[in-house]
Amino acid sequence: MKRNLKGTLPLLALLTAFPPLSTDMILPAIPSLAETWGVSLSVINLTLICFFVTYGFFLLFYGPISDRFGRRRPLLFGLAVYIVASLLCAFASSASMLIGLRILQAAGAAASSSISMAMTKDIFSGQERERILAYIAVIMALAPMLAPVIGGWVLADFSWPWIFFIQAVMGLIGLIGVLRFPETLPEVSDTPLTRIMHTYSRLLFNPSYIVMVLVMSASLFPLYSYIAGSSDIYINGFGMTEQKYSYFFAFNAMALMIGSFSCLRLTRNIRSKHLMTVGFAGIFLGGLFLLFTGQHGPWSFALPMFLITFSLGLSRPPSNNLVLEQVDRDTGSASSLLIFCYFTLGAVGMWFISLEWADKIPVLGAIALGCGAMVLATWVVLQKRGIRGAV
């Protein structure tokens, strides 16, 4: 089976990239949707916030369900839900309807990304798995760069519903690919789902794990705030077109990829804990520059944000690993709970920046400055106390 599945890398990458493709492709259309339906940006941004919260919530369930019943059935179910929800989103006639349908879309998207990673573990092993995961990571980094650009191109010649038609086609491609897949799980678990869910309660009583999860989630707060506020800043604030805004968003997404690649290179000669310190300091400095210079023009805003996002890319791989170092078992559940916290706190950041601020740039700068200072200070204290796995 492994030999026959080696050509499935594009499918696994597509399934893993559903969340950024589903969230970032619609970003250029947010200001025009608010104007079309006569609602505030804070209301339209609920299409992002509710997607993130729902996606993170369902991640907690799809993993254990796929262990109990196999990979194909829950994945096919999730993809079918995603396709139907995407088509319905294209025909939404109000903001409230689109918000509700985006919740349904997120419930389906969560199956693709969580189960595809489990399938990778089923199929590949050792160095081969590391190579496959590296390829998937590259595509995952490219997805948030390309998604808003695609959305901008669509809006240049068509209307916003076509973005959801494209997402439905994307889901259909994934569905056809999975239908051609054999079941990858060699043996299903006979552990009751209720007992599997008890692992989350054990994690909640692991203080070192919870502290590290909160610290690392807080470091991502500025990035998710930027995602929700960037279209308003560039399109309404700086007077850019949707297409030009998508290029600036892609520029910022590129910083995350460069930061991750830099981490891979630098860890050969520099300890991971030092890279995390530099990364957290970079978030603080980027927030400082953004607070005092970000309002002077598009590039004066984009460059400090590039520093913040690069710093996140530099610190995130070792910080994710350090979080998982705090547990001796239940690694899969610990990973799901970590991602859930990322998305939940990220949704809070999206909600906060979506409030009716007179100018979002200094607010975003204050968020980055405050989060950077808090995370950096907490990280210094944790190192002095000898946090497990910090090398």
# chains A, B, ... in the order shown; residues from 1 in each chain; ligands from 1

$ residues_around --residues "Pro161 (chain A)" --least-positions-apart "6" --cutoff "9 Å" --atoms "only C-alpha atoms" --output "list in words"
Leu87, Cys89, Ala90, Phe91 and Ala92 of chain A

$ closest_atom_pairs --of "region 266-371 of chain A" --to "region 52-61 of chain A" --cutoff "7 Å" --atoms "only C-alpha atoms" --output "JSON lines"
{"residue": "A:Ser336", "atom": "CA", "partner": "A:Leu60", "partner_atom": "CA", "distance": 5.7}
{"residue": "A:Leu337", "atom": "CA", "partner": "A:Leu60", "partner_atom": "CA", "distance": 6.6}
{"residue": "A:Ile339", "atom": "CA", "partner": "A:Gly56", "partner_atom": "CA", "distance": 6.7}
{"residue": "A:Phe340", "atom": "CA", "partner": "A:Gly56", "partner_atom": "CA", "distance": 4.3}
{"residue": "A:Phe343", "atom": "CA", "partner": "A:Phe52", "partner_atom": "CA", "distance": 5.6}
{"residue": "A:Thr344", "atom": "CA", "partner": "A:Val53", "partner_atom": "CA", "distance": 5.4}
{"residue": "A:Ala347", "atom": "CA", "partner": "A:Phe52", "partner_atom": "CA", "distance": 6.0}

$ write_last_selection --atoms "N, CA and C atoms" --output "PDB file, in the first residue's frame"
ATOM      1  N   SER A 336      -3.430  18.399  19.559  1.00  0.00           N
ATOM      2  CA  SER A 336      -4.753  18.929  19.195  1.00  0.00           C
ATOM      3  C   SER A 336      -5.172  20.059  20.127  1.00  0.00           C
ATOM      4  N   LEU A 337      -4.919  19.883  21.421  1.00  0.00           N
ATOM      5  CA  LEU A 337      -5.293  20.917  22.384  1.00  0.00           C
ATOM      6  C   LEU A 337      -4.465  22.177  22.177  1.00  0.00           C
ATOM      7  N   ILE A 339      -3.232  23.268  19.250  1.00  0.00           N
ATOM      8  CA  ILE A 339      -3.763  23.958  18.069  1.00  0.00           C
ATOM      9  C   ILE A 339      -5.111  24.608  18.389  1.00  0.00           C
ATOM     10  N   PHE A 340      -5.915  23.926  19.196  1.00  0.00           N
ATOM     11  CA  PHE A 340      -7.194  24.499  19.609  1.00  0.00           C
ATOM     12  C   PHE A 340      -6.981  25.819  20.334  1.00  0.00           C
ATOM     13  N   PHE A 343      -5.972  28.640  17.898  1.00  0.00           N
ATOM     14  CA  PHE A 343      -7.076  29.190  17.126  1.00  0.00           C
ATOM     15  C   PHE A 343      -8.066  29.951  18.010  1.00  0.00           C
ATOM     16  N   THR A 344      -8.289  29.465  19.221  1.00  0.00           N
ATOM     17  CA  THR A 344      -9.237  30.140  20.105  1.00  0.00           C
ATOM     18  C   THR A 344      -8.722  31.515  20.524  1.00  0.00           C
ATOM     19  N   ALA A 347      -8.799  33.802  17.649  1.00  0.00           N
ATOM     20  CA  ALA A 347     -10.130  34.360  17.416  1.00  0.00           C
ATOM     21  C   ALA A 347     -10.397  35.556  18.317  1.00  0.00           C
TER      22      ALA A 347
END

$ residues_around --residues "Gly239 (chain A)" --least-positions-apart "6" --cutoff "12 Å" --atoms "only C-alpha atoms" --output "PyMOL selection string"
chain A and resi 31+231-233+245+297-298

$ closest_residue --among "A:Val84, A:Ala95, A:Leu275, A:Ala250" --to "Gly38 (chain A)" --atoms "only C-alpha atoms"
A:Ala95

$ residues_around --residues "Gly386 (chain A)" --least-positions-apart "5" --cutoff "12 Å" --atoms "only C-alpha atoms" --output "PyMOL selection string"
chain A and resi 208+273+379-381+391

$ write_last_selection --atoms "N, CA and C atoms" --output "PDB file, in the first residue's frame"
ATOM      1  N   SER A 208       2.951  22.606  33.732  1.00  0.00           N
ATOM      2  CA  SER A 208       4.006  23.057  32.823  1.00  0.00           C
ATOM      3  C   SER A 208       3.514  23.071  31.384  1.00  0.00           C
ATOM      4  N   LYS A 273      16.561  27.338  22.496  1.00  0.00           N
ATOM      5  CA  LYS A 273      16.073  28.299  23.484  1.00  0.00           C
ATOM      6  C   LYS A 273      16.545  29.713  23.160  1.00  0.00           C
ATOM      7  N   TRP A 379       9.083  33.842  29.355  1.00  0.00           N
ATOM      8  CA  TRP A 379      10.069  32.883  28.854  1.00  0.00           C
ATOM      9  C   TRP A 379      11.366  32.971  29.662  1.00  0.00           C
ATOM     10  N   VAL A 380      11.798  34.161  30.005  1.00  0.00           N
ATOM     11  CA  VAL A 380      13.004  34.327  30.823  1.00  0.00           C
ATOM     12  C   VAL A 380      12.815  33.672  32.188  1.00  0.00           C
ATOM     13  N   VAL A 381      11.651  33.875  32.796  1.00  0.00           N
ATOM     14  CA  VAL A 381      11.366  33.280  34.102  1.00  0.00           C
ATOM     15  C   VAL A 381      11.331  31.756  34.005  1.00  0.00           C
ATOM     16  N   VAL A 391      16.705  23.585  25.723  1.00  0.00           N
ATOM     17  CA  VAL A 391      18.127  23.338  25.495  1.00  0.00           C
ATOM     18  C   VAL A 391      18.687  24.370  24.540  1.00  0.00           C
TER      19      VAL A 391
END
